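Visitor: Quick one: this structure, given as structure tokens, is what I'll be asking you about.
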Amino acid sequence: MYMGYLDSLNSKQREAATCVDGPLLILAGAGSGKTRVLIHRIAYMIDEYNVSPWNILAITFTNKAAGEMRERVDKMIGQGADSIWVATFHATCVRILRRHIDLLGYDTGFSIYDTDDQKTVMKGVLNRLDIDPKVMREKTVLNAISSAKDELIDPEEFAENSKGNWKYEQIARAYEEYQKTLKRSNALDFDDIIVLTIELFKKHPEVLDNYRERFRYIMVDEYQDTNTAQFELISLLAGKYRNLCVVGDDDQSIYKFRGANISNILDFEKVYPEAKVIKLEQNYRSTQNILDAANNVIKNNSARKDKALWTDQGKGSLVHLRQFDNAYEEADFIAGDIRSVCRKGEYDYRQCAVLYRTNAQSRILEEAFVRDGVTYDIVGGVNFYARKEIKDMLAYLKTVDNAVDDVAVKRIINIPRRGIGATTINKISDYAADNDISFYDALCRCEEIPGVQKAVKKLDSFVNMIRVFRSKLEVYGIKGLIDDIIETTGYVEELRLSDEDDSVDRIENIDELVTKIVNYEENTEENSLSGFLEEVALVADIDGVDSDANKVLLMTLHAAKGLEFDRVYIAGCEDGVFPSSMAIFDEDPTAVEEERRLAYVGITRAKKELTLTYAKQRMLRGETQYNAVSRFVKEIPVELMDNRPPKARTENFFSDDYIEKREESTPTTGRKKISFLDLDSRPGSKAPIATKIDYVVGDRVKHMKFGEGVVTKIEDAPKDKKVTVIFDELGQKVMYAGFARLTKV
DNA sequence: CGTACTAGTCTTTTT
DNA sequence: GACTAGTACG
């Protein structure tokens with residue numbers, strides 16, 4: 001048979017696209033055309049292998065990736081393509097749970113809680129358990145719980161593992177109570193979505209079997225980012241037919257903090273011994289110089305599958321390296337450079353992107369782009385759906401949809417002001433807890449509750465309002481409902497009358513939400529309020545990016561994964577920024593390796609021109625820092641760059657010339673003056689902090705992150721002191737005094 | 001019960 | 001430096 005459409009693939013790609021049965025690992029380097037392979041593979045399965053589209057499941061991490069794959073599959077296959085299941089992990093699981101979660105004792109109308117909601121729940125939990133939030137912060141507890149869930153550790157097992165460690169025992173109590181609270185509110189957090197699907201499959205084999213039959217052919221994209229729970233989920237689904245194709249690049253694994261387990265990809269062949277492995281190393285995106293830069297950086301990592309990208313596209317330009325005195329000049333340069341090449345007509349704004357390590361870096365860049373009149377879009381930062389006014393509106397919708405969602409009801413009961421205060425709310429909460437009913441149900445019976453008599457009238461009218469909203473929804477749909485909410489509550493009216501300077505923005509945001517609702521109702525077949533809320537809960541920042549608009553994109557390196565641009569700028573290439581100081585001072589050396597993978601991701605986004613910039617002085621968290629050029633820049637051979645990085649940091653940073661320039665170049669605000677003494681004693685670090693050590697061997701000291709411990713050794717190191725501390729909880733660590741900022745206790 | 005001020009945290013990345 | 005949550009006061 002002749003399969004013309006496979007002609008456009010290279011031999012490795014073709015091999016991958018035509019390997020249909022059994023486990024398959026495709027190690028796809030950056031820009032090696034893996035999405036092409038996946039699309040062709042699906043077409044091949046259907047056309048030549050008679051696989052029913054109905055039996056194919058393709059899983060991605062973001063809605064954007066899912067949408068792109070959907071579009072390309074539709075184009076290539078046409079008829080029947082819509083019965084292929086293409087969705088993110090979370091969307092897939094939510095769809096399954098909406099059908100079967102009643103088997104686990106939840107209602108199928110469950111809510112999904114975001115980080116903000118989780119915090120609210122945890123605050124209540126700690127309060128009830130008499131755990132002082134100053135001793136143990138909500139975030140700490142939630143992080144521990146999230147990691148546990150990623151590893152499929154339930155509250156019981158967590159408690160078992162925590163015995164003897166007071167801190168973990170407290171977290172174990174909180175974990176148990178937190179789960180109970182969520183269940184009472186008929187709510188799931190992000191991790192629950194995966195964990196409960198696994199629980200469902202394990203407790204109800206007939207349900208699992210149903211989906212195993214349905215999904216006979218499974219594909220997982222960005223496999224290097226899967227965590228233990230996601231791995232388990234996939235293993236369960238693929239357990240019967242073993243037609244599992246995973247695509248990924250261990251060098252692009254950058255989500256360890258979110259539980260991603262790189263051994264899922266590194267050990268794939270151990271778990272599936274019969275697996276076929278295909279490496280895609282030919283790159284169709286970048287010039288050879290850019291690839292060489294990427295290869296030379298990533299080769300410094302230890303645990304990785306050996307591979308090297310190559311292209312037949314020629315060397316291209318050198319990598320551009322630029323040094324600046326501070327972040328303002330860096331931003332001016334980037335905006336100005338983009339403006340000038342685009343004015344010459346060499347590039348469009350849409351072909352340029354600026355990448356950075358932390359969202360906080362975006363503000364200064366943004367200001368420069370505004371000044372230069374360069375249109376831009378920022379990806380990420382404060383999520384649209386996390387804004388106060390949007391969360392308020394959503395809380396109304398959630399209350400109408402799922403009244404047992406306590407977080408939502410409590411959020412809006414007094415917004416806008418209805419004169420229902422904390423005391424009343426607490427009494428109702430207590431009553432609800434005592435009688436094991438939801439907060440809303442308690443509201444409905446408020447006349448029985450002692451001590452809230454004065455508020456009964458107000459509470460009744462609130463409950464009535466929700467009831468009216470509910471009937472409104474049935475007759476007029478979601479758009480009708482939101483209009484009524486805005487009208488009845490006077491929320492927007494209040495903003496209009498307010499003299500806050502951001503009230504106009506807030507109103508615009510609410511308008512945008514209404515537009516999103518209209519779009520949803522028009523474009524979704526079986527649209528429902530819970531469907532809308534679910535879609536909203538599962539969006540990622542990157543999902544909203546419009547790559548057709550002629551704008552420069554500004555985003556974090558993480559958000560850039562999977563994208564490509566002709567011109568890429570990576571700003572803030574400094575040790576302490578990128579790699580982050582957190583990673584540098586982590587006792588685990590693989591922390592820097594993860595940052596290096598991030599550098600690899602960033603470099604390989606560039607098709608033609610790559611510019612790396614760094615600043616000698618940068619304001620971070622309200623402190624002026626002096627950082628050396630990033631170690632990753634130094635890992636790029638100088639012959640690949642149009643500038644060489646300074647040989648030693650001292651050469652740049654402590655010359656008279658430099659000090660003078662710095663003083664002149666920062667007239668903008670009252671930034672701190674720094675004396676020579678400070679600089680001299682604390683190279684490349686937070687400058688204006690006394691370097692005197694006020695502790696000696698044997699003293700107890702406190703570290704911001706590691707907690708308390710005893711100093712066992714202090715030794716001289718170049719320009720600093722090396723301190724060894726045995727921490728109560730984490731054991732022995734060696735650190736530089738200047739950075740560790742230990743305080744005597 | 002609502003407002004105004006203060007203290008503390010954060011900045012690594014997010015489905 | 002910016003934002004948020006918590007507290008004191010009217």
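Labeling convention for the structure tokens: chains A, B, ... as they appear, residues from 1 per chain, ligands from 1 in order of appearance.
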Skipping near chain neighbours, those fewer than 6 positions away, what residues fall within 12 Å of DC1 (chain B) using only C-alpha atoms (C1' of nucleotides), listed as a PyMOL selection string?

Guide: (chain A and resi 414+417-424) or (chain C and resi 10)

Visitor: Using only C-alpha atoms (C1' of nucleotides), which chain A residues lie at most 7 Å away from chain B, written as a PDB file with C-alpha atoms, in the first residue's frame?

Guide:
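result.pdb, freshly written:
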ATOM      1  CA  HIS A  90      -7.403  17.129  34.295  1.00  0.00           C
ATOM      2  CA  PHE A 190      -6.644  19.950  41.431  1.00  0.00           C
ATOM      3  CA  THR A 358      10.193  34.986  37.400  1.00  0.00           C
ATOM      4  CA  ALA A 360       8.292  39.748  38.853  1.00  0.00           C
ATOM      5  CA  GLY A 419     -24.583  43.973  57.043  1.00  0.00           C
ATOM      6  CA  GLY A 421     -20.805  40.325  59.947  1.00  0.00           C
ATOM      7  CA  LEU A 538      -9.002  24.227  34.411  1.00  0.00           C
ATOM      8  CA  ALA A 540      -3.872  27.742  32.266  1.00  0.00           C
ATOM      9  CA  HIS A 558       8.130  27.682  32.002  1.00  0.00           C
ATOM     10  CA  SER A 580      17.500  30.979  40.993  1.00  0.00           C
TER      11      SER A 580
END

Visitor: Find the residues around Gly4 (chain A) up to 12 Å (only C-alpha atoms (C1' of nucleotides) counted), leave out those fewer than 2 positions away in its own chain, and share them as a PyMOL selection string.

Guide: chain A and resi 1-2+6-9+14+40+43-44+47-48

Visitor: For chain C, report every residue with an atom at most 12 Å from chain A (counting only C-alpha atoms (C1' of nucleotides)), formatted as a compact mmCIF listing (two decimals) with N, CA, C and O atoms (P, O5', C5', C4', C3', O3' and C1' of nucleotides), in the first residue's frame.

Guide:
# COMPACT_ATOMS: atom_id res chain seq x y z
P DG C 1 11.54 51.08 47.67
O5' DG C 1 11.27 49.62 47.01
C5' DG C 1 11.19 49.43 45.60
C4' DG C 1 9.96 48.64 45.23
C3' DG C 1 8.64 49.29 45.61
O3' DG C 1 7.78 49.17 44.47
C1' DG C 1 8.78 47.14 46.61
P DA C 2 6.28 49.38 44.44
O5' DA C 2 5.84 47.88 44.74
C5' DA C 2 5.59 46.96 43.68
C4' DA C 2 4.63 45.91 44.20
C3' DA C 2 3.22 46.43 44.49
O3' DA C 2 2.30 45.47 44.03
C1' DA C 2 4.09 45.42 46.43
P DC C 3 0.76 45.80 43.88
O5' DC C 3 0.10 44.61 44.68
C5' DC C 3 0.61 43.27 44.55
C4' DC C 3 0.35 42.54 45.85
C3' DC C 3 -1.08 42.74 46.39
O3' DC C 3 -1.75 41.49 46.45
C1' DC C 3 0.54 42.93 48.11
P DA C 5 -5.46 37.73 51.35
O5' DA C 5 -4.83 37.86 52.80
C5' DA C 5 -3.85 36.94 53.27
C4' DA C 5 -3.65 37.21 54.74
C3' DA C 5 -4.93 37.06 55.58
O3' DA C 5 -4.59 36.39 56.78
C1' DA C 5 -4.08 39.26 55.82
P DG C 6 -5.63 36.09 57.92
O5' DG C 6 -5.23 37.16 59.03
C5' DG C 6 -3.89 37.19 59.52
C4' DG C 6 -3.77 38.35 60.48
C3' DG C 6 -4.87 38.40 61.54
O3' DG C 6 -4.28 38.64 62.81
C1' DG C 6 -4.79 40.46 60.38

Visitor: If you run DSSP on this backbone, which residues of region 315-538 of chain A come out as helix (DSSP H, G or I), and could you give them as number ranges by chain?

Guide: A: 327-343, 349-351, 359-372, 384-386, 388-401, 406-412, 422-435, 439-444, 446-448, 453-489, 491-497, 503-523, 529-537

Visitor: Between CA of Leu233 (chain A) and CA of Phe201 (chain A), what is the spacing in Å?

Guide: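 Between CA of Phe201 (chain A) and CA of Leu233 (chain A) the gap works out to 8.6 Å.
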
Visitor: Write out as a list in words which residues come within 10 Å of region 590-594 of chain A when counting only C-alpha atoms (C1' of nucleotides), dropping same-chain ones fewer than 5 positions away.

Guide: Asp251, Gln252, Ser253, Ile254, Tyr255, Lys256, Phe257, Ile298, Asn300, Asn301, Ser302, Ala303, Phe578, Pro579, Ser580, Ser581, Met582, Ala583, Ile584, Phe585, Ala599 and Tyr600 of chain A

Visitor: Kindly indicate which residue among A:Phe462, A:Tyr695, A:Tyr614, A:Phe268 lies nearest to Ala628 (chain A), using only C-alpha atoms for the distances.

Guide: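 Among the listed residues, the smallest separation from Ala628 (chain A) belongs to A:Tyr614.
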
Visitor: Got a sec: who's within 9 Å of Ala91 (chain A), counting only C-alpha atoms (C1' of nucleotides), leaving out chain neighbours fewer than 4 positions off, as a JSON list (two decimals) with all heavy atoms, in the first residue's frame?

Guide:
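What landed in out.json:
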[["chain", "number", "residue", "atom", "x", "y", "z"],
["A", 63, "ASN", "N", -4.60, 23.02, 27.80],
["A", 63, "ASN", "CA", -5.71, 23.09, 26.86],
["A", 63, "ASN", "C", -5.25, 23.59, 25.50],
["A", 63, "ASN", "O", -5.79, 23.20, 24.48],
["A", 63, "ASN", "CB", -6.78, 24.04, 27.40],
["A", 63, "ASN", "CG", -7.38, 23.53, 28.69],
["A", 63, "ASN", "OD1", -7.98, 22.46, 28.72],
["A", 63, "ASN", "ND2", -7.18, 24.25, 29.77],
["A", 87, "ALA", "N", -7.62, 15.55, 25.15],
["A", 87, "ALA", "CA", -7.88, 16.42, 26.30],
["A", 87, "ALA", "C", -6.69, 16.42, 27.25],
["A", 87, "ALA", "O", -5.78, 15.59, 27.13],
["A", 87, "ALA", "CB", -9.12, 15.97, 27.03],
["A", 95, "ARG", "N", -14.11, 14.66, 33.24],
["A", 95, "ARG", "CA", -15.18, 14.09, 32.43],
["A", 95, "ARG", "C", -15.58, 12.71, 32.95],
["A", 95, "ARG", "O", -16.76, 12.37, 33.00],
["A", 95, "ARG", "CB", -14.71, 13.96, 30.98],
["A", 95, "ARG", "CG", -15.40, 14.96, 30.07],
["A", 95, "ARG", "CD", -14.67, 15.06, 28.76],
["A", 95, "ARG", "NE", -15.30, 14.29, 27.70],
["A", 95, "ARG", "CZ", -14.82, 14.25, 26.45],
["A", 95, "ARG", "NH1", -13.71, 14.91, 26.16],
["A", 95, "ARG", "NH2", -15.43, 13.56, 25.53],
["A", 96, "ILE", "N", -14.59, 11.94, 33.33],
["A", 96, "ILE", "CA", -14.88, 10.61, 33.88],
["A", 96, "ILE", "C", -15.60, 10.73, 35.22],
["A", 96, "ILE", "O", -16.60, 10.06, 35.48],
["A", 96, "ILE", "CB", -13.57, 9.79, 34.01],
["A", 96, "ILE", "CG1", -13.01, 9.51, 32.61],
["A", 96, "ILE", "CG2", -13.82, 8.49, 34.78],
["A", 96, "ILE", "CD1", -11.60, 8.92, 32.60],
["A", 193, "ILE", "N", -8.61, 15.60, 41.51],
["A", 193, "ILE", "CA", -9.16, 15.23, 40.21],
["A", 193, "ILE", "C", -8.47, 13.98, 39.69],
["A", 193, "ILE", "O", -9.12, 13.05, 39.21],
["A", 193, "ILE", "CB", -9.01, 16.40, 39.21],
["A", 193, "ILE", "CG1", -9.91, 17.57, 39.66],
["A", 193, "ILE", "CG2", -9.37, 15.97, 37.80],
["A", 193, "ILE", "CD1", -9.69, 18.85, 38.86],
["A", 534, "GLU", "N", -16.32, 24.49, 35.22],
["A", 534, "GLU", "CA", -15.25, 23.52, 35.09],
["A", 534, "GLU", "C", -14.21, 24.01, 34.10],
["A", 534, "GLU", "O", -13.01, 23.95, 34.35],
["A", 534, "GLU", "CB", -15.89, 22.22, 34.63],
["A", 534, "GLU", "CG", -14.95, 21.15, 34.22],
["A", 534, "GLU", "CD", -15.77, 19.98, 33.70],
["A", 534, "GLU", "OE1", -16.79, 19.64, 34.33],
["A", 534, "GLU", "OE2", -15.41, 19.44, 32.65],
["A", 535, "GLU", "N", -14.68, 24.53, 32.98],
["A", 535, "GLU", "CA", -13.77, 25.03, 31.97],
["A", 535, "GLU", "C", -12.91, 26.15, 32.55],
["A", 535, "GLU", "O", -11.70, 26.20, 32.36],
["A", 535, "GLU", "CB", -14.58, 25.55, 30.77],
["A", 535, "GLU", "CG", -13.79, 25.60, 29.50],
["A", 535, "GLU", "CD", -14.67, 25.93, 28.30],
["A", 535, "GLU", "OE1", -15.39, 25.02, 27.86],
["A", 535, "GLU", "OE2", -14.65, 27.08, 27.84],
["A", 538, "LEU", "N", -10.12, 25.00, 34.94],
["A", 538, "LEU", "CA", -9.00, 24.23, 34.41],
["A", 538, "LEU", "C", -8.18, 24.97, 33.37],
["A", 538, "LEU", "O", -7.36, 24.38, 32.70],
["A", 538, "LEU", "CB", -9.51, 22.90, 33.82],
["A", 538, "LEU", "CG", -10.19, 21.95, 34.81],
["A", 538, "LEU", "CD1", -10.68, 20.70, 34.09],
["A", 538, "LEU", "CD2", -9.26, 21.55, 35.95]]

Visitor: Ranking A:Phe324, A:Tyr272, A:Trp85, A:Tyr476 by minimum distance to Ala615 (chain A) and counting only C-alpha atoms, which one comes first?

Guide: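 Of A:Phe324, A:Tyr272, A:Trp85, A:Tyr476, the one nearest Ala615 (chain A), counting only C-alpha atoms, is A:Phe324.
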